[in-house]
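Read through the structure below, which is laid out as structure tokens, and then see the notes.
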Amino acid sequence: MIERKAFLQITKAMILGIRNSLIDPSVRIKQSIIKELAEILGVERCVLFKIAREGTDGTIKESCEIIAGVPCEEYLQQPSGREPLVTHPDIEASVRNGRTLLIKDPRTDKRTAYFQNMIIKKNISQILYMPICIEEDGKAVGVIVIDTIQGKEFDEDEILFCSEVAELISLLVVQENAILQHFRDQVVNKIVPLSGFAKKLCENLETTLNYLEIIHKEAEQMDKILPKTLEEIF
């Protein structure tokens with residue numbers, strides 16, 4: 001059974017991560033949470049995928065990318081980069097479902113066929129998927145993936161605990177989006193008057209350059225005329 005203390009550990013990891021990130025922006029809050037989650041569950045692999053959506057003209061392309069995970073040396077030293085979501089049928093199924101997904105037999109499930117070698121090599125028993133959804137549109141912006149090995153199965157308490165952690169991370173994402181939007185608004189508020197000022201400056205600069213050009217031409221004419229005039233005087 002997952003004790004209340006475990007939930008407090010996750011909350012503490014989130015709070016400390018936020019505090020430390022204010023001091024050092026390189027601190028990865030989500031990595032701290034995923035690492036803590038893996039230790040509580042006693043699992044070897046716990047990965048957080050980010051789901052991105054891009055496109056124009058009504059065509060949306062979805063991709064997934066690992067942004068946090070353990071083992072750290074496997075997922076953090078060499079970033080995996082973005083990959084089309086359709087190339088990960090298990091992740092895609094979790095995104096479409098929008099709810100906790102448990103694959104009880106990854107060796108025979110078609111959705112996990114693309115990484116059968118790893119499943120066999122690591123003797124993976126079950127794989128749990130928790131989509132991270134934001135309240136604004138209900139779409140998944142991320143998925144937590146956790147493996148059990150050597151015949152171990154997830155119990156109901158562990159699944160409930162993991163879904164609650166996913167909800168916590170969703171709250172963190174919403175807060176990050178709010179902070180980012182506030183930052184964008186602040187930047188826009190600065191850029192608008194600067195843009196107008198720059199326009200006026202360019203207009204004045206163009207006028208100034210025209211005057212300088214006239215002065216330069218007149219100076220050249222004076223340079224040509226002045227010596228001749230002086231010779232005539234003396």
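Here, A, B, ... name the chains of the structure tokens in the order displayed, residue numbers run from 1 inside each chain, and ligands are numbered from 1 in the same displayed order.
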
Non-local contacts of range 44-51 of chain A (8 Å; only C-alpha atoms; under 6 positions in same chain excluded) as a PyMOL selection string | chain A and resi 34-35+37-38+62-71+85+140-148

Write to file, as a PDB file, in the first residue's frame, the residues of the selection just made, with C-alpha atoms.
ATOM      1  CA  ILE A  34       9.935  11.400 -11.748  1.00  0.00           C
ATOM      2  CA  LYS A  35      13.002  10.295  -9.808  1.00  0.00           C
ATOM      3  CA  LEU A  37       8.180   8.512  -8.057  1.00  0.00           C
ATOM      4  CA  ALA A  38      10.491   5.741  -9.295  1.00  0.00           C
ATOM      5  CA  GLU A  62       1.688  15.431 -32.981  1.00  0.00           C
ATOM      6  CA  SER A  63       5.043  14.447 -31.570  1.00  0.00           C
ATOM      7  CA  CYS A  64       6.430  13.037 -28.341  1.00  0.00           C
ATOM      8  CA  GLU A  65       9.714  13.665 -26.578  1.00  0.00           C
ATOM      9  CA  ILE A  66      11.269  12.397 -23.362  1.00  0.00           C
ATOM     10  CA  ILE A  67      11.876  15.338 -21.011  1.00  0.00           C
ATOM     11  CA  ALA A  68      12.514  13.439 -17.762  1.00  0.00           C
ATOM     12  CA  GLY A  69      13.229   9.887 -16.758  1.00  0.00           C
ATOM     13  CA  VAL A  70      15.148   7.266 -14.866  1.00  0.00           C
ATOM     14  CA  PRO A  71      17.613   5.671 -15.269  1.00  0.00           C
ATOM     15  CA  LEU A  85       3.471  10.282 -31.991  1.00  0.00           C
ATOM     16  CA  ALA A 140      -2.919  15.356 -22.919  1.00  0.00           C
ATOM     17  CA  VAL A 141       0.254  17.428 -22.827  1.00  0.00           C
ATOM     18  CA  GLY A 142       2.346  14.585 -21.471  1.00  0.00           C
ATOM     19  CA  VAL A 143       2.373  10.919 -20.477  1.00  0.00           C
ATOM     20  CA  ILE A 144       4.129   9.194 -17.570  1.00  0.00           C
ATOM     21  CA  VAL A 145       5.281   5.665 -18.417  1.00  0.00           C
ATOM     22  CA  ILE A 146       6.277   3.181 -15.693  1.00  0.00           C
ATOM     23  CA  ASP A 147       7.457  -0.428 -16.077  1.00  0.00           C
ATOM     24  CA  THR A 148       7.397  -3.350 -13.694  1.00  0.00           C
TER      25      THR A 148
END

Near-Ile159 in chain A list (9 Å; only C-alpha atoms; drop same-chain fewer than 2 positions) as number ranges by chain = A: 100, 102, 128, 130, 154-157, 161-164

With only C-alpha atoms as the atoms that count, which of A:His88, A:Lys217, A:Lys104, A:Lys110 lies nearest to Ile149 in chain A?
-> A:Lys104

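Near Glu167 in chain A, within 9 Å and counting only C-alpha atoms, sit A:Pro131, A:Ile132, A:Cys133, A:Ile134, A:Cys162, A:Ser163, A:Glu164, A:Val165, A:Ile169, A:Ser170, A:Leu171, A:Leu172, not including residues fewer than 2 positions from it in the same chain.
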
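Here CA of Pro89 in chain A and CA of Thr112 in chain A stand 7.1 Å from one another.
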
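One finds CA of Gly98 in chain A at 25.4 Å from CA of Gly42 in chain A.
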
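Distance-wise, CA of Ala93 in chain A and CA of Tyr114 in chain A end up 13.9 Å apart.
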